[in-house]
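Asker: Supplied in structure tokens, the structure appears directly below.
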Amino acid sequence: LLINLSFLNHNLEKGTTTQSLNIGPKVGNRISDVGKRSEGGNMDFSTSGRQSGQETARKHRVLNVDATMEPRDPRAPGARGRAVEDAMPQHQADIEAGWKAASFNQFISDLIPYERSLPDTRPPRCAEQVVADDLPTTSIIMCFCEESWSTLLRSVHSIINRSPPHLVEEILLIDDASRRSHLKQKLDQYMSKFPQVKVVHLKERAGLIRARLKGAELATGTVLTFLDSHIECNVGWLEPLLDRIREDRTRVVCPSIDRINEATFAYEVANENVRGGFDWELFFQWVSLPAVEAKRRAHSIFQHEVIRSPTMAGGLFSIDRGFFYELGGYDPGFQIWGGENLELSFKIWMCGGSLEIVPCSRVGHVFRKSQPYNYSNASSIMEVVHHNNVRLAEVWLDEYKKIYYALHPGVEVELAKMGDISERKLLRQNLGCRSFQWYLENVIPELHIPDTNVRARGEIRNRGGIPLCVDSFSETEIGAFACHRMGNHQLFSWRLDGKITYKFDDSACLTYREDRFHIRPDQQKISKGPCDSGEAIVWGHEQSGPFVDKATGMCLDITNDLWGLVLVPCSGGKFQNWSFGKYYDL
Ligand code: LR7
Ligand code: MN
């Protein structure tokens with residue numbers, strides 16, 4: 001997904017980049033000059049001089065100078081992705097403590113200045129682009145909960161340094177009732193130096209969705225720009241976003257999200273050829289661009305073009321404030337984390353807007369595998385995500401919600417306690433939005449729509465006395481594991497054609513491990529493979545009984561080590577007795 005191009009740090013050090021540009025000495029380096037209209041050619045990097053007078057009156061170049069940063073020592077932490085743990089064995093304990101507190105390498109983050117130069121990861125044509133002089137202003141909303149000091153400050157400084165000041169109405173830092181002490185008076189005091197920064201401490205934990213709604217309420221800019229609190233805005237990041245919205249206020253725009261390596265804090269360029277999608281468990285996913293489009297974009301002259309995207313990752317985007325409210329903002333019934341990105345994405349498209357990724361706008365984000373905060377009253381992140389997703393599905397997914405429900409074992413419980421959604425339904429009705437089917441057909445036609453019409457579905461539980469379930473534990477393998485009732489790897493469907501498939505995945509049916517003509521008569525291992533191949537097993541099965549392979553007459557069984565799945569001659573043995581989570585009358 002993300003390719004490591006941290007060597008770019010070296011080649012694109014500030015010195016090298018700016019030298020090739022035709023700028024006056026020093027002038028572009030003062031914050032007060034940043035992003036102002038080009039006057040006397042200071043900010044005009046054009047070497048051709050072909051711009052007409054009329055055009056320069058209306059448009060100007062984006063800010064192309066890394067404004068304040070000192071040239072960086074290539075041996076500095078984070079500069080080239082060095083493995084710091086190896087370099088600093090004496091700090092091992094501090095490094096571990098940092099990971100524990102932050103879910104990223106906080107120790108190295110703390111060693112890196114709040115202001116640092118970054119490799120310019122924009123595609124080639126971006127530095128030459130022109131944007132309108134009368135761009136709308138934006139309020140920047142950054143919510144945080146238990147954020148580390150250095151990542152938060154680097155986020156804020158990167159905004160201040162790399163945004164034209166006249167375009168930033170304010171920077172709203174919404175503290176979502178954090179407990180870490182540096183996020184209180186120390187932060188207030190630090191930020192008091194910056195008049196455009198306002199810190200708001202929420203008294204009660206709101207979760208990122210309601211915290212953002214609070215920020216939006218306080219915002220006065222024409223555009224709302226939401227950012228996570230462990231990011232770095234790169235050079236010229238803001239103008240191309242605002243320019244797209246200035247042309248059409250129903251465009252919602254995301255920067256390309258570069259990666260700040262969570263272990264080394266090196267800034268790494270993102271894979272360009274992806275856009276946002278989702279799967280039927282309602283997880284956001286990056287999806288490759290169609291091959292033709294990817295091929296076209298291999299040419300550097302096309303790489304700056306915007307990418308229309310079915311969904312957004314959620315954390316980093318700009319939206320016209322009025323349009324945000326027309327769409328009903330976020331569903332305030334959503335808790336803590338998750339699902340709000342799909343809710344907003346679906347309704348943007350279904351209710352008359354569009355969503356795009358702007359490759360000329362680059363913002364780095366620290367991706368982490370776990371969160372440094374708790375989930376308020378919920379016991380796990382999945383609990384809040386499902387709560388949110390059920391609300392999302394009920395309001396926006398129409399009949400397609402049943403695909404998500406089929407993949408989610410605890411759905412009845414979730415539905416019973418999801419709360420009131422009548423206002424959200426009314427909102428959709430009043431907006432006259434299109435159907436989810438329209439969205440699927442027109443916005444994300446490549447998404448496979450599974451057939452939910454099956455004989456049985458859910459976990460495949462063995463009835464031999466030990467609670468073991470069929471489990472798809474790796475790409476190719478399948479076995480028996482302790483039942484966990486959480487779905488996911490233990491979710492299967494028994495299709496109308498008699499084949500059993502993992503989730504709804506047509507490339508993952510239960511198959512013979514060997515070629516079907518060389519099946520051993522005593523024991524045949526089970527594997528996972530394409531449903532339409534001859535290896536896919538067609539099963540006979542009565543509710544709570546054996547699974548019989550129709551071709552060989554052998555039965556599904558568990559090996560003696562209670563781990564492998566096999567076909568053996570039917571014996572009525574206790575491990576040959578199975579039941580599916582749910583059977584359907586057909
Ligand atoms: O209760 C909370 N209160 C908060 O203020 C929980 C979180 N937050 C803050 C948090 O400090 C952070 O600044 O909200 C922001 C997002 O939380 P993260 O960073 O823990 O989330 P994430 O980056 O893992 O998750 C992505 O998906 C989320 C779904 O709800 C949000 O949309 C995040 O904004 C989103 N992040 C991105 O899109 C950045 C790119 C990642 C990708 C892909
Ligand atoms: Mn994040």
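Identifiers for the structure tokens are assigned positionally: chains receive A, B, ... in sequence, residues are indexed from 1 per chain, and ligands are indexed from 1 in the order shown.
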Distance limit 9 Å, reference ligand 2, atoms considered: only C-alpha atoms and all ligand atoms. Which residues make the cut? Give them as a ChimeraX atom specification.
Answerer: /A:227-231,315,365-368,371
Asker: Would you output that residue set with C-alpha atoms, as an mmCIF file, in the first residue's frame?
Answerer:
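The resulting out-v3.cif:
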```
data_model
loop_
_atom_site.group_PDB
_atom_site.id
_atom_site.type_symbol
_atom_site.label_atom_id
_atom_site.label_comp_id
_atom_site.auth_asym_id
_atom_site.auth_seq_id
_atom_site.Cartn_x
_atom_site.Cartn_y
_atom_site.Cartn_z
ATOM 1 C CA LEU A 227 -7.018 17.112 10.352
ATOM 2 C CA ASP A 228 -5.800 14.390 12.721
ATOM 3 C CA SER A 229 -3.445 15.449 15.502
ATOM 4 C CA HIS A 230 -0.363 13.503 14.361
ATOM 5 C CA ILE A 231 0.154 14.896 10.903
ATOM 6 C CA GLY A 315 -9.251 12.131 9.015
ATOM 7 C CA HIS A 365 -0.062 11.009 8.871
ATOM 8 C CA VAL A 366 1.303 8.689 11.538
ATOM 9 C CA PHE A 367 -0.498 5.390 11.013
ATOM 10 C CA ARG A 368 -0.645 3.335 14.199
ATOM 11 C CA GLN A 371 -5.037 3.784 20.025
#
```
Asker: I need the residues in region 337-435 of chain A that are helix (DSSP H, G or I) according to DSSP; give them as a PyMOL selection string.
Answerer: chain A and resi 340-350+381-396+398-406+411-416+422-431
Asker: Suppose we keep N, CA and C atoms; can you now write the selection as a compact mmCIF listing (two decimals), in the first residue's frame?
Answerer:
```txt
# COMPACT_ATOMS: atom_id res chain seq x y z
N GLU A 340 -17.88 7.17 10.55
CA GLU A 340 -18.30 8.51 10.15
C GLU A 340 -17.75 8.86 8.77
N ASN A 341 -16.61 8.28 8.42
CA ASN A 341 -16.03 8.56 7.10
C ASN A 341 -16.89 7.97 5.99
N LEU A 342 -17.45 6.78 6.22
CA LEU A 342 -18.33 6.20 5.21
C LEU A 342 -19.67 6.92 5.18
N GLU A 343 -20.18 7.27 6.35
CA GLU A 343 -21.46 7.99 6.39
C GLU A 343 -21.36 9.25 5.54
N LEU A 344 -20.29 10.01 5.78
CA LEU A 344 -20.14 11.25 5.05
C LEU A 344 -19.89 10.98 3.55
N SER A 345 -19.05 10.00 3.26
CA SER A 345 -18.75 9.69 1.86
C SER A 345 -20.01 9.31 1.09
N PHE A 346 -20.81 8.40 1.66
CA PHE A 346 -22.01 7.94 0.96
C PHE A 346 -22.94 9.12 0.68
N LYS A 347 -23.15 9.93 1.72
CA LYS A 347 -24.15 10.99 1.49
C LYS A 347 -23.61 12.11 0.61
N ILE A 348 -22.31 12.32 0.62
CA ILE A 348 -21.77 13.31 -0.32
C ILE A 348 -22.19 12.93 -1.74
N TRP A 349 -21.92 11.67 -2.09
CA TRP A 349 -22.25 11.24 -3.46
C TRP A 349 -23.75 11.13 -3.68
N MET A 350 -24.45 10.56 -2.70
CA MET A 350 -25.87 10.29 -2.91
C MET A 350 -26.70 11.58 -2.89
N ILE A 381 -12.94 -1.34 20.61
CA ILE A 381 -13.19 -0.44 19.49
C ILE A 381 -14.24 -1.02 18.55
N MET A 382 -14.28 -2.35 18.42
CA MET A 382 -15.26 -2.94 17.53
C MET A 382 -16.69 -2.70 18.01
N GLU A 383 -16.84 -2.62 19.32
CA GLU A 383 -18.18 -2.35 19.85
C GLU A 383 -18.69 -0.98 19.37
N VAL A 384 -17.83 0.04 19.43
CA VAL A 384 -18.30 1.35 18.97
C VAL A 384 -18.43 1.38 17.45
N VAL A 385 -17.53 0.71 16.76
CA VAL A 385 -17.61 0.72 15.30
C VAL A 385 -18.91 0.07 14.84
N HIS A 386 -19.28 -1.05 15.45
CA HIS A 386 -20.53 -1.70 15.06
C HIS A 386 -21.74 -0.83 15.39
N HIS A 387 -21.70 -0.20 16.54
CA HIS A 387 -22.80 0.71 16.90
C HIS A 387 -22.98 1.75 15.78
N ASN A 388 -21.87 2.35 15.40
CA ASN A 388 -21.94 3.39 14.37
C ASN A 388 -22.38 2.82 13.03
N ASN A 389 -21.82 1.67 12.68
CA ASN A 389 -22.12 1.10 11.38
C ASN A 389 -23.57 0.66 11.23
N VAL A 390 -24.16 0.21 12.31
CA VAL A 390 -25.57 -0.19 12.24
C VAL A 390 -26.44 1.05 11.96
N ARG A 391 -26.13 2.14 12.61
CA ARG A 391 -26.86 3.39 12.32
C ARG A 391 -26.66 3.81 10.86
N LEU A 392 -25.40 3.70 10.43
CA LEU A 392 -25.08 4.04 9.04
C LEU A 392 -25.87 3.16 8.07
N ALA A 393 -25.88 1.86 8.34
CA ALA A 393 -26.55 0.92 7.44
C ALA A 393 -28.05 1.17 7.40
N GLU A 394 -28.65 1.40 8.57
CA GLU A 394 -30.09 1.62 8.62
C GLU A 394 -30.51 2.85 7.84
N VAL A 395 -29.70 3.89 7.89
CA VAL A 395 -30.11 5.14 7.25
C VAL A 395 -29.73 5.18 5.76
N TRP A 396 -28.58 4.65 5.40
CA TRP A 396 -28.06 4.92 4.06
C TRP A 396 -27.97 3.73 3.11
N ASP A 398 -30.09 1.14 2.40
CA ASP A 398 -31.29 0.50 1.82
C ASP A 398 -31.23 -1.01 2.00
N GLU A 399 -31.65 -1.74 0.97
CA GLU A 399 -31.71 -3.21 1.12
C GLU A 399 -30.32 -3.85 1.19
N TYR A 400 -29.29 -3.08 0.82
CA TYR A 400 -27.94 -3.64 0.87
C TYR A 400 -27.42 -3.80 2.30
N LYS A 401 -28.16 -3.23 3.25
CA LYS A 401 -27.73 -3.38 4.64
C LYS A 401 -27.68 -4.85 5.03
N LYS A 402 -28.49 -5.67 4.38
CA LYS A 402 -28.52 -7.07 4.82
C LYS A 402 -27.22 -7.80 4.49
N ILE A 403 -26.44 -7.29 3.56
CA ILE A 403 -25.13 -7.91 3.31
C ILE A 403 -24.23 -7.68 4.52
N TYR A 404 -24.22 -6.45 4.99
CA TYR A 404 -23.43 -6.15 6.19
C TYR A 404 -23.94 -6.97 7.38
N TYR A 405 -25.24 -7.02 7.55
CA TYR A 405 -25.79 -7.76 8.69
C TYR A 405 -25.43 -9.24 8.62
N ALA A 406 -25.43 -9.77 7.41
CA ALA A 406 -25.09 -11.19 7.25
C ALA A 406 -23.67 -11.47 7.72
N VAL A 411 -25.56 -8.72 15.21
CA VAL A 411 -26.30 -7.56 14.71
C VAL A 411 -27.63 -7.31 15.41
N GLU A 412 -28.32 -8.36 15.83
CA GLU A 412 -29.64 -8.14 16.47
C GLU A 412 -29.47 -7.31 17.74
N VAL A 413 -28.43 -7.64 18.49
CA VAL A 413 -28.16 -6.89 19.73
C VAL A 413 -27.86 -5.43 19.40
N GLU A 414 -27.03 -5.23 18.37
CA GLU A 414 -26.66 -3.86 17.99
C GLU A 414 -27.89 -3.06 17.56
N LEU A 415 -28.73 -3.70 16.79
CA LEU A 415 -29.92 -3.01 16.28
C LEU A 415 -30.83 -2.59 17.43
N ALA A 416 -30.92 -3.46 18.43
CA ALA A 416 -31.82 -3.18 19.56
C ALA A 416 -31.37 -1.94 20.33
N SER A 422 -34.60 8.37 13.57
CA SER A 422 -35.66 8.96 12.74
C SER A 422 -35.23 10.29 12.12
N GLU A 423 -34.47 11.08 12.90
CA GLU A 423 -34.05 12.38 12.35
C GLU A 423 -33.11 12.22 11.16
N ARG A 424 -32.27 11.20 11.23
CA ARG A 424 -31.32 10.97 10.13
C ARG A 424 -32.06 10.49 8.89
N LYS A 425 -33.10 9.71 9.11
CA LYS A 425 -33.89 9.23 7.96
C LYS A 425 -34.64 10.40 7.31
N LEU A 426 -35.14 11.26 8.19
CA LEU A 426 -35.86 12.44 7.71
C LEU A 426 -34.91 13.34 6.91
N LEU A 427 -33.72 13.48 7.41
CA LEU A 427 -32.71 14.28 6.72
C LEU A 427 -32.52 13.76 5.29
N ARG A 428 -32.34 12.47 5.18
CA ARG A 428 -32.12 11.88 3.86
C ARG A 428 -33.32 12.14 2.95
N GLN A 429 -34.50 11.99 3.52
CA GLN A 429 -35.71 12.21 2.75
C GLN A 429 -35.81 13.67 2.28
N ASN A 430 -35.57 14.59 3.21
CA ASN A 430 -35.66 16.01 2.87
C ASN A 430 -34.64 16.42 1.83
N LEU A 431 -33.49 15.80 1.87
CA LEU A 431 -32.45 16.13 0.90
C LEU A 431 -32.75 15.53 -0.47
```
Asker: Counting only C-alpha atoms and all ligand atoms, what residues are within 6 Å of ligand 1, given as a list in words?
Answerer: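 Protein and nucleic-acid residues within 6 Å of ligand 1: Cys143, Phe144, Cys145, Glu147, Asp176, Gly207, Leu208, Asp228, Ser229, Ala313, Gly314, Gly315, Leu316, Ile336, Trp337, Gly338, Gly339, Glu340, Asn341 and Gln371 of chain A.
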Asker: For N, CA and C atoms, I'd like the residues from the last selection saved as a PDB file, in the first residue's frame.
Answerer:
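Okay, this is what ended up in out38.pdb:
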```
ATOM      1  N   CYS A 143      -9.037  17.646  16.330  1.00  0.00           N
ATOM      2  CA  CYS A 143      -9.449  17.067  17.602  1.00  0.00           C
ATOM      3  C   CYS A 143      -8.362  16.121  18.075  1.00  0.00           C
ATOM      4  N   PHE A 144      -8.206  16.024  19.376  1.00  0.00           N
ATOM      5  CA  PHE A 144      -7.210  15.070  19.870  1.00  0.00           C
ATOM      6  C   PHE A 144      -7.617  14.507  21.210  1.00  0.00           C
ATOM      7  N   CYS A 145      -7.167  13.298  21.441  1.00  0.00           N
ATOM      8  CA  CYS A 145      -7.374  12.663  22.736  1.00  0.00           C
ATOM      9  C   CYS A 145      -6.080  11.950  23.091  1.00  0.00           C
ATOM     10  N   GLU A 147      -3.060  12.884  22.810  1.00  0.00           N
ATOM     11  CA  GLU A 147      -2.004  12.994  21.798  1.00  0.00           C
ATOM     12  C   GLU A 147      -0.661  13.315  22.463  1.00  0.00           C
ATOM     13  N   ASP A 176     -10.334  16.477  23.439  1.00  0.00           N
ATOM     14  CA  ASP A 176     -11.463  15.614  23.772  1.00  0.00           C
ATOM     15  C   ASP A 176     -11.253  14.979  25.153  1.00  0.00           C
ATOM     16  N   GLY A 207     -15.707  11.748  21.890  1.00  0.00           N
ATOM     17  CA  GLY A 207     -15.388  10.901  20.748  1.00  0.00           C
ATOM     18  C   GLY A 207     -15.056  11.796  19.573  1.00  0.00           C
ATOM     19  N   LEU A 208     -14.318  11.271  18.615  1.00  0.00           N
ATOM     20  CA  LEU A 208     -13.806  12.167  17.577  1.00  0.00           C
ATOM     21  C   LEU A 208     -14.920  12.759  16.720  1.00  0.00           C
ATOM     22  N   ASP A 228      -6.185  15.151  11.536  1.00  0.00           N
ATOM     23  CA  ASP A 228      -5.800  14.390  12.721  1.00  0.00           C
ATOM     24  C   ASP A 228      -4.698  15.145  13.456  1.00  0.00           C
ATOM     25  N   SER A 229      -4.376  14.702  14.656  1.00  0.00           N
ATOM     26  CA  SER A 229      -3.445  15.449  15.502  1.00  0.00           C
ATOM     27  C   SER A 229      -2.015  14.903  15.487  1.00  0.00           C
ATOM     28  N   ALA A 313     -10.768   8.301   3.698  1.00  0.00           N
ATOM     29  CA  ALA A 313     -10.217   7.644   4.884  1.00  0.00           C
ATOM     30  C   ALA A 313     -10.822   8.258   6.147  1.00  0.00           C
ATOM     31  N   GLY A 314     -11.106   9.547   6.097  1.00  0.00           N
ATOM     32  CA  GLY A 314     -11.872  10.152   7.176  1.00  0.00           C
ATOM     33  C   GLY A 314     -11.209  11.266   7.944  1.00  0.00           C
ATOM     34  N   GLY A 315      -9.906  11.197   8.112  1.00  0.00           N
ATOM     35  CA  GLY A 315      -9.251  12.131   9.015  1.00  0.00           C
ATOM     36  C   GLY A 315      -8.906  13.478   8.421  1.00  0.00           C
ATOM     37  N   LEU A 316      -8.607  13.506   7.128  1.00  0.00           N
ATOM     38  CA  LEU A 316      -8.049  14.714   6.542  1.00  0.00           C
ATOM     39  C   LEU A 316      -8.861  15.127   5.315  1.00  0.00           C
ATOM     40  N   ILE A 336     -17.354   7.717  19.703  1.00  0.00           N
ATOM     41  CA  ILE A 336     -15.879   7.630  19.733  1.00  0.00           C
ATOM     42  C   ILE A 336     -15.156   7.601  18.387  1.00  0.00           C
ATOM     43  N   TRP A 337     -15.313   6.548  17.625  1.00  0.00           N
ATOM     44  CA  TRP A 337     -14.432   6.336  16.462  1.00  0.00           C
ATOM     45  C   TRP A 337     -15.134   5.435  15.456  1.00  0.00           C
ATOM     46  N   GLY A 338     -14.998   5.762  14.179  1.00  0.00           N
ATOM     47  CA  GLY A 338     -15.337   4.800  13.136  1.00  0.00           C
ATOM     48  C   GLY A 338     -16.675   5.003  12.459  1.00  0.00           C
ATOM     49  N   GLY A 339     -16.687   4.730  11.152  1.00  0.00           N
ATOM     50  CA  GLY A 339     -17.924   4.732  10.385  1.00  0.00           C
ATOM     51  C   GLY A 339     -18.339   6.097   9.879  1.00  0.00           C
ATOM     52  N   GLU A 340     -17.876   7.166  10.549  1.00  0.00           N
ATOM     53  CA  GLU A 340     -18.297   8.511  10.147  1.00  0.00           C
ATOM     54  C   GLU A 340     -17.746   8.857   8.768  1.00  0.00           C
ATOM     55  N   ASN A 341     -16.609   8.276   8.417  1.00  0.00           N
ATOM     56  CA  ASN A 341     -16.029   8.563   7.103  1.00  0.00           C
ATOM     57  C   ASN A 341     -16.895   7.974   5.987  1.00  0.00           C
ATOM     58  N   GLN A 371      -4.765   2.407  19.617  1.00  0.00           N
ATOM     59  CA  GLN A 371      -5.037   3.784  20.025  1.00  0.00           C
ATOM     60  C   GLN A 371      -4.539   4.053  21.440  1.00  0.00           C
TER      61      GLN A 371
END
```
Asker: Can you check which parts of region 124-194 of chain A lie within 10 Å of region 357-364 of chain A? Per residue, the shortest pair of atoms and distance in Å to one decimal, counting only C-alpha atoms, sorted by chain and number, as a Markdown table.
Answerer:
```
| residue | atom | partner | partner_atom | distance |
| --- | --- | --- | --- | --- |
| A:Pro124 | CA | A:Cys360 | CA | 9.0 |
| A:Arg125 | CA | A:Cys360 | CA | 8.4 |
| A:Cys126 | CA | A:Cys360 | CA | 5.4 |
| A:Ala127 | CA | A:Cys360 | CA | 8.2 |
| A:Gln129 | CA | A:Cys360 | CA | 8.9 |
| A:Ser155 | CA | A:Gly364 | CA | 9.4 |
| A:Ser158 | CA | A:Val363 | CA | 9.6 |
| A:Ile159 | CA | A:Val363 | CA | 9.9 |
```
Asker: Find the distance between CA of Gln92 (chain A) and CA of Ala266 (chain A) and write it in Å to one decimal.
Answerer: 19.4 Å
Asker: Select from region 282-471 of chain A everything DSSP, run on the backbone, classes as strand (DSSP E), then give the selection as a VMD selection string.
Answerer: chain A and resid 284 to 288 307 to 308 317 to 320 354 to 366 456 to 462 468 to 471
Asker: Choose the residue, out of A:Arg246, A:His484, A:Arg461, A:His489, that has the smallest atom-to-atom separation from Gln576 (chain A); count only C-alpha atoms.
Answerer: A:Arg461
Asker: Which neighbours of region 136-141 of chain A fall inside 9 Å, counting only C-alpha atoms, when residues of the same chain fewer than 3 positions from it are skipped, and could you give them as a PyMOL selection string?
Answerer: chain A and resi 159+166-174+212+215-216+219-228+242-243+245-246+318+320-321
Asker: Go through A:Leu153, A:Ala206, A:Met88, A:Val131 and flag the residue nearest Asn377 (chain A), using only C-alpha atoms for the distances.
Answerer: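 Selected residue with least distance to Asn377 (chain A): A:Ala206.
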Asker: Could you pull the residues within 8 Å of region 503-509 of chain A, counting only C-alpha atoms, minus those fewer than 4 positions along the same chain, as JSON, numbers by chain?
Answerer: {"A": [407, 450, 451, 488, 491, 492, 493, 499, 528, 529, 530, 531, 532, 536, 537]}
